[in-house]
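What follows is model_31.txt (compact mmCIF, C-alpha atoms and all ligand atoms).
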# COMPACT_ATOMS: atom_id res chain seq x y z
CA MET A 228 111.51 -10.43 94.42
CA SER A 229 113.00 -11.57 97.65
CA ILE A 230 113.16 -9.16 100.53
CA LEU A 231 116.94 -9.29 100.39
CA LEU A 232 116.98 -7.99 96.85
CA TRP A 233 114.66 -5.13 97.81
CA LEU A 234 116.91 -4.30 100.70
CA LEU A 235 119.94 -4.28 98.43
CA LEU A 236 118.18 -1.99 95.99
CA ALA A 237 117.19 0.36 98.79
CA VAL A 238 120.78 0.58 100.04
CA LEU A 239 122.03 1.17 96.51
CA LEU A 240 119.50 3.95 95.97
CA PHE A 241 120.44 5.53 99.29
CA LEU A 242 124.14 5.57 98.32
CA ILE A 243 123.41 6.97 94.86
CA ILE A 244 121.43 9.85 96.36
CA LYS A 245 123.66 10.39 99.39
CA TYR A 246 126.81 10.66 97.30
CA GLN A 247 125.12 12.26 94.27
CA LEU A 248 126.49 9.44 92.13
CA TYR A 249 123.80 10.25 89.53
CA LEU A 250 126.04 13.19 88.58
CA PHE A 251 128.26 10.69 86.78
CA LEU A 252 125.43 10.33 84.24
CA THR A 253 125.92 13.98 83.26
CA PRO A 254 129.67 14.54 83.67
CA GLU A 255 129.41 18.04 82.18
CA LYS A 256 127.40 19.03 85.27
CA ARG A 257 129.81 17.55 87.80
CA LEU A 258 132.06 20.12 89.44
CA PRO A 259 134.35 19.20 92.33
CA VAL A 260 136.13 22.15 93.97
CA LEU A 261 139.10 21.53 96.28
CA MET A 262 140.11 23.76 99.19
CA TYR A 263 143.67 24.12 100.49
CA HIS A 264 145.61 26.65 102.57
CA HIS A 265 149.36 26.21 103.21
CA VAL A 266 151.81 24.21 101.06
CA LEU A 267 155.01 23.34 102.93
CA PRO A 268 157.76 20.68 102.83
CA VAL A 269 156.73 19.61 106.34
CA ALA A 270 153.16 19.95 107.63
CA GLU A 271 152.71 22.05 110.77
CA ASN A 272 148.95 21.65 111.12
CA GLU A 273 145.80 20.35 109.43
CA LEU A 274 145.60 23.44 107.20
CA THR A 275 148.87 22.44 105.53
CA VAL A 276 149.38 20.04 102.67
CA THR A 277 152.95 18.84 102.17
CA VAL A 278 154.63 19.45 98.82
CA GLU A 279 154.98 15.69 98.46
CA ASN A 280 151.29 14.99 99.07
CA LEU A 281 150.14 17.79 96.79
CA ASP A 282 152.43 16.44 94.07
CA ARG A 283 150.85 12.98 94.46
CA GLN A 284 147.32 14.43 94.47
CA PHE A 285 147.98 16.47 91.32
CA ALA A 286 149.53 13.40 89.65
CA LEU A 287 146.39 11.42 90.47
CA LEU A 288 144.13 14.13 89.00
CA LYS A 289 146.28 14.23 85.87
CA LYS A 290 146.26 10.46 85.53
CA ASN A 291 142.47 10.45 85.87
CA GLY A 292 142.08 12.98 83.08
CA TYR A 293 140.86 15.95 85.11
CA LYS A 294 141.11 19.36 83.53
CA THR A 295 141.60 22.28 85.93
CA LEU A 296 139.62 25.45 85.42
CA PHE A 297 139.41 29.04 86.62
CA PHE A 298 136.06 30.35 87.82
CA ASN A 299 136.14 32.90 85.01
CA GLU A 300 135.98 30.03 82.51
CA LEU A 301 132.95 28.37 84.06
CA ASN A 302 130.18 30.26 82.31
CA ALA A 303 131.69 29.73 78.88
CA LEU A 304 132.00 26.02 79.53
CA LYS A 305 130.36 23.53 77.24
CA ALA A 306 132.70 20.59 76.90
CA SER A 307 131.92 17.41 78.78
CA GLU A 308 135.48 17.04 80.00
CA LYS A 309 136.21 15.91 83.54
CA LYS A 310 136.79 19.16 85.32
CA ILE A 311 137.90 20.31 88.73
CA ILE A 312 138.68 23.64 90.39
CA ILE A 313 141.64 23.85 92.78
CA THR A 314 141.54 26.68 95.34
CA PHE A 315 143.86 28.09 98.01
CA ASP A 316 142.75 30.48 100.75
CA ASP A 317 144.43 33.56 102.23
CA GLY A 318 147.42 34.08 99.87
CA TYR A 319 150.31 32.54 101.80
CA LEU A 320 153.86 33.13 100.65
CA ASN A 321 154.40 29.36 100.68
CA ASN A 322 151.88 29.11 97.81
CA LYS A 323 154.20 31.19 95.63
CA LYS A 324 157.19 29.08 96.60
CA ASN A 325 155.67 25.62 96.64
CA LEU A 326 152.41 25.62 94.69
CA LEU A 327 153.50 27.46 91.56
CA PRO A 328 156.20 24.94 90.57
CA LEU A 329 153.63 22.15 90.87
CA LEU A 330 151.06 24.03 88.78
CA GLU A 331 153.75 24.43 86.15
CA LYS A 332 154.78 20.77 86.38
CA TYR A 333 151.24 19.50 85.79
CA ASP A 334 150.02 22.36 83.60
CA PHE A 335 147.29 23.00 86.18
CA LYS A 336 145.45 26.13 87.24
CA ALA A 337 144.46 27.28 90.72
CA THR A 338 142.42 30.09 92.25
CA ILE A 339 143.87 31.96 95.24
CA PHE A 340 141.44 33.86 97.47
CA ILE A 341 142.78 37.06 98.98
CA ALA A 342 141.62 38.73 102.21
CA THR A 343 143.13 42.16 101.55
CA GLN A 344 143.62 43.27 105.15
CA LEU A 345 145.65 40.14 105.92
CA ILE A 346 147.95 41.13 103.06
CA GLU A 347 148.18 44.77 104.25
CA LYS A 348 149.15 43.70 107.76
CA ASN A 349 151.19 40.69 106.63
CA ARG A 350 151.78 39.46 110.16
CA ASP A 351 155.06 37.55 110.51
CA GLY A 352 155.57 37.93 106.74
CA ILE A 353 153.64 34.74 106.05
CA PHE A 354 151.54 36.23 103.25
CA MET A 355 152.52 37.31 99.76
CA THR A 356 152.81 41.06 99.20
CA PHE A 357 150.53 42.82 96.72
CA ASP A 358 153.50 43.01 94.31
CA GLU A 359 154.00 39.27 94.57
CA ILE A 360 150.31 38.58 94.04
CA ARG A 361 150.23 40.88 90.99
CA ASN A 362 153.25 39.11 89.50
CA LEU A 363 151.91 35.55 89.79
CA ASP A 364 151.71 33.86 86.39
CA LYS A 365 148.16 34.62 85.15
CA ASN A 366 148.08 31.41 83.12
CA LEU A 367 148.45 29.44 86.34
CA VAL A 368 146.71 31.54 88.99
CA GLU A 369 143.39 33.35 89.16
CA ILE A 370 142.75 35.73 92.05
CA GLY A 371 139.42 35.65 93.90
CA LEU A 372 137.87 37.50 96.87
CA HIS A 373 138.03 36.39 100.50
CA SER A 374 136.66 39.55 102.24
CA HIS A 375 138.77 42.47 103.48
CA THR A 376 138.91 41.80 107.22
CA HIS A 377 138.48 38.00 107.21
CA ARG A 378 135.62 38.18 109.71
CA ASN A 379 132.77 35.68 109.89
CA TYR A 380 129.94 37.13 107.76
CA GLU A 381 127.39 35.48 110.03
CA GLN A 382 128.40 37.95 112.73
CA LEU A 383 128.24 41.11 110.60
CA THR A 384 125.33 43.38 109.68
CA PRO A 385 124.31 43.62 106.02
CA GLU A 386 125.89 47.10 105.88
CA GLU A 387 129.16 45.79 107.30
CA ILE A 388 129.21 42.92 104.80
CA HIS A 389 128.61 45.28 101.91
CA ALA A 390 131.37 47.65 103.07
CA ASP A 391 133.79 44.76 103.65
CA LEU A 392 133.24 43.33 100.19
CA GLN A 393 133.57 46.74 98.56
CA LYS A 394 136.85 47.30 100.38
CA ASN A 395 138.14 43.86 99.34
CA MET A 396 137.62 44.77 95.67
CA GLU A 397 138.82 48.36 96.05
CA VAL A 398 142.14 47.35 97.59
CA LEU A 399 142.80 44.79 94.84
CA GLU A 400 141.95 47.39 92.20
CA LYS A 401 144.16 50.01 93.86
CA ASN A 402 147.00 47.49 93.70
CA GLN A 403 146.24 46.71 90.06
CA ILE A 404 145.51 43.09 90.72
CA PRO A 405 142.97 41.65 88.27
CA PHE A 406 140.48 39.35 89.97
CA THR A 407 137.42 37.25 89.24
CA LYS A 408 134.25 38.10 91.15
CA VAL A 409 134.23 34.85 93.02
CA LEU A 410 134.08 34.97 96.82
CA ALA A 411 135.25 32.34 99.30
CA TYR A 412 133.39 33.08 102.54
CA PRO A 413 135.84 33.49 105.46
CA TYR A 414 135.58 30.28 107.56
CA GLY A 415 133.06 29.11 104.95
CA ARG A 416 130.33 30.91 106.96
CA PHE A 417 127.53 33.17 105.75
CA PRO A 418 124.01 34.13 106.83
CA GLN A 419 121.52 32.04 104.86
CA THR A 420 119.11 34.90 104.21
CA GLN A 421 117.67 36.42 101.06
CA GLU A 422 118.95 39.79 102.24
CA PHE A 423 122.49 38.47 102.33
CA PHE A 424 122.32 36.93 98.87
CA LYS A 425 120.92 40.24 97.60
CA ILE A 426 124.01 42.09 98.85
CA ILE A 427 126.27 39.54 97.16
CA LYS A 428 124.33 39.95 93.92
CA GLU A 429 124.38 43.77 94.12
CA ASN A 430 128.16 43.55 94.33
CA LYS A 431 128.07 41.60 91.05
CA ILE A 432 129.65 38.53 92.61
CA GLU A 433 129.35 35.65 90.15
CA PHE A 434 130.02 32.73 92.46
CA ALA A 435 130.53 32.26 96.18
CA LEU A 436 131.84 29.27 98.09
CA ARG A 437 131.20 27.59 101.38
CA ILE A 438 132.84 24.36 102.54
CA GLY A 439 130.13 21.70 102.61
CA ASN A 440 132.33 18.82 101.37
CA LYS A 441 130.10 17.92 98.46
CA ILE A 442 130.50 17.61 94.71
CA ASN A 443 128.59 20.42 92.95
CA ALA A 444 126.02 20.04 90.25
CA PHE A 445 126.77 22.96 87.94
CA PRO A 446 125.14 25.21 86.87
CA ARG A 447 122.97 25.65 89.94
CA LYS A 448 120.06 27.81 91.01
CA ASN A 449 121.97 29.63 93.75
CA PRO A 450 125.56 30.31 92.59
CA TYR A 451 126.41 31.58 96.08
CA THR A 452 126.38 28.23 97.83
CA LEU A 453 128.98 26.28 95.86
CA ASN A 454 130.67 23.57 97.93
CA ARG A 455 134.37 22.97 98.41
CA MET A 456 136.09 19.86 99.67
CA ASP A 457 138.49 20.42 102.49
CA ILE A 458 141.81 18.67 101.77
CA LYS A 459 143.78 18.40 104.99
CA ASN A 460 147.22 17.28 106.04
CA SER A 461 145.69 14.02 107.28
CA THR A 462 143.89 13.33 103.97
CA THR A 463 145.59 10.22 102.62
CA LEU A 464 145.91 9.64 98.88
CA SER A 465 143.22 6.98 98.94
CA ALA A 466 140.90 9.26 100.95
CA PHE A 467 141.61 11.96 98.37
CA LYS A 468 140.76 9.57 95.58
CA TRP A 469 137.40 8.78 97.18
CA LYS A 470 136.70 12.40 98.06
CA ILE A 471 136.84 13.52 94.44
CA ILE A 472 134.34 10.77 93.62
CA LEU A 473 132.02 10.97 96.64
CA GLY A 474 132.63 14.37 98.23
CA LYS A 475 132.06 13.51 101.83
CA LEU A 476 133.44 10.20 103.07
CA LYS A 477 131.39 9.71 106.21
CA LEU A 478 128.04 7.97 105.76
CA PHE A 479 126.21 9.80 108.54
ZN ZN B 501 140.68 32.27 105.11
Could you take the file, read its structure, and then write that structure out as structure tokens?
Ligand SMILES: [Zn+2]
Amino acid sequence: MSILLWLLLAVLLFLIIKYQLYLFLTPEKRLPVLMYHHVLPVAENELTVTVENLDRQFALLKKNGYKTLFFNELNALKASEKKIIITFDDGYLNNKKNLLPLLEKYDFKATIFIATQLIEKNRDGIFMTFDEIRNLDKNLVEIGLHSHTHRNYEQLTPEEIHADLQKNMEVLEKNQIPFTKVLAYPYGRFPQTQEFFKIIKENKIEFALRIGNKINAFPRKNPYTLNRMDIKNSTTLSAFKWKIILGKLKLF
């Protein structure tokens, strides 16, 4: 074979590994998870997706045959359907106003991660109240954990992490809000130690999520390092399209 052909093969192999394209061979193991925050008519910052863009992104997922799932359906999963999990952090009031109608329109599901102290304080009224969270349509929205105090777990002691997680669940229970034991790490950060994962396990957390911008192979050995793809205000529809195929767009 000519050197050029070898080179081409090497590049191809690199791309297949880099972007985990081999996952397309086993579609039942391919699990993209999307991460959003605010949904507003006009974007104020990178953490906002406009209603118009979200509508176009959902339409694209629908057109491409993706089925949306809750985390509490993952373990029972056997079908080889194209699946995706859509998540929103923090529990903003604009999710209730602007996300729910879109979930209804596309017959999609989403998981909303709640940091209970943010809801208690509800600074500037930007979050949903516990009553509003409890009354979200359970066919459309699953509630997950996002810590109590929304502090970076890398900067807390194991005891503090344990107490924070306990409080997160306690407050939801006290407010009669059913939730799945799935945790989105605040800021996507966590200490990568066995001790930390032990605490998470002792709290009977089923799955936990960082950012990572990668497509997940599912199931996985460590269920506490699932990746989410950060969808920003500046993410164009074509970038979105590529992200759900490749995960990360940048080569290096
Ligand atoms: Zn957050």
Figure out the distance between atom CA of Leu248 of chain A and atom CA of Asp316 of chain A, please, to one decimal in Å.
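Atom-to-atom, atom CA of Asp316 of chain A to atom CA of Leu248 of chain A, that is 28.0 Å.
Using all atoms listed in the file, residues with at least one atom at most 7 Å away from any atom of ligand ZN 501 (chain B) are A:Asp316, A:Asp317, A:His373, A:His377, A:Pro413, A:Tyr414.
As for atom CA of Ile370 of chain A and atom CA of Ile339 of chain A, they are spaced 5.1 Å apart.
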Near-Leu464 of chain A list (12 Å; only C-alpha atoms; drop same-chain fewer than 5 positions) as a ChimeraX atom specification
/A:276,279-288,458-459,469-471
Which distance in Å separates atom CA of Gln393 of chain A and atom CA of Ser374 of chain A, to one decimal?
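Going from atom CA of Gln393 of chain A over to atom CA of Ser374 of chain A, I get 8.6 Å.
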Axis-aligned box for segment 399-413 of chain A, 5 Å per side, centre and edges in Å as lines of an AutoDock Vina configuration file:
center_x = 140.2
center_y = 41.2
center_z = 96.9
size_x = 23.6
size_y = 27.7
size_z = 27.2
Among the residues A:Gly371, A:Pro328, A:Pro385, A:Gly292, the one that comes closest to Thr407 of chain A [using only C-alpha atoms]:
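Result for the nearest residue to Thr407 of chain A: A:Gly371.
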12 Å contact set for Glu331 of chain A, only C-alpha atoms, chain neighbours under 6 positions out, as a list of chain:residue names:
A:Asp282, A:Phe285, A:Lys323, A:Lys324, A:Asn325, A:Ala337, A:Leu363, A:Asp364, A:Lys365, A:Asn366, A:Leu367, A:Val368
Write the residues you've just listed into a file as a JSON list (two decimals), keeping the file's coordinate frame, and include C-alpha atoms for each of them.
[["chain", "number", "residue", "atom", "x", "y", "z"],
["A", 282, "ASP", "CA", 152.43, 16.44, 94.07],
["A", 285, "PHE", "CA", 147.98, 16.47, 91.32],
["A", 323, "LYS", "CA", 154.20, 31.19, 95.63],
["A", 324, "LYS", "CA", 157.19, 29.08, 96.60],
["A", 325, "ASN", "CA", 155.67, 25.62, 96.64],
["A", 337, "ALA", "CA", 144.46, 27.28, 90.72],
["A", 363, "LEU", "CA", 151.91, 35.55, 89.79],
["A", 364, "ASP", "CA", 151.71, 33.86, 86.39],
["A", 365, "LYS", "CA", 148.16, 34.62, 85.15],
["A", 366, "ASN", "CA", 148.08, 31.41, 83.12],
["A", 367, "LEU", "CA", 148.45, 29.44, 86.34],
["A", 368, "VAL", "CA", 146.71, 31.54, 88.99]]
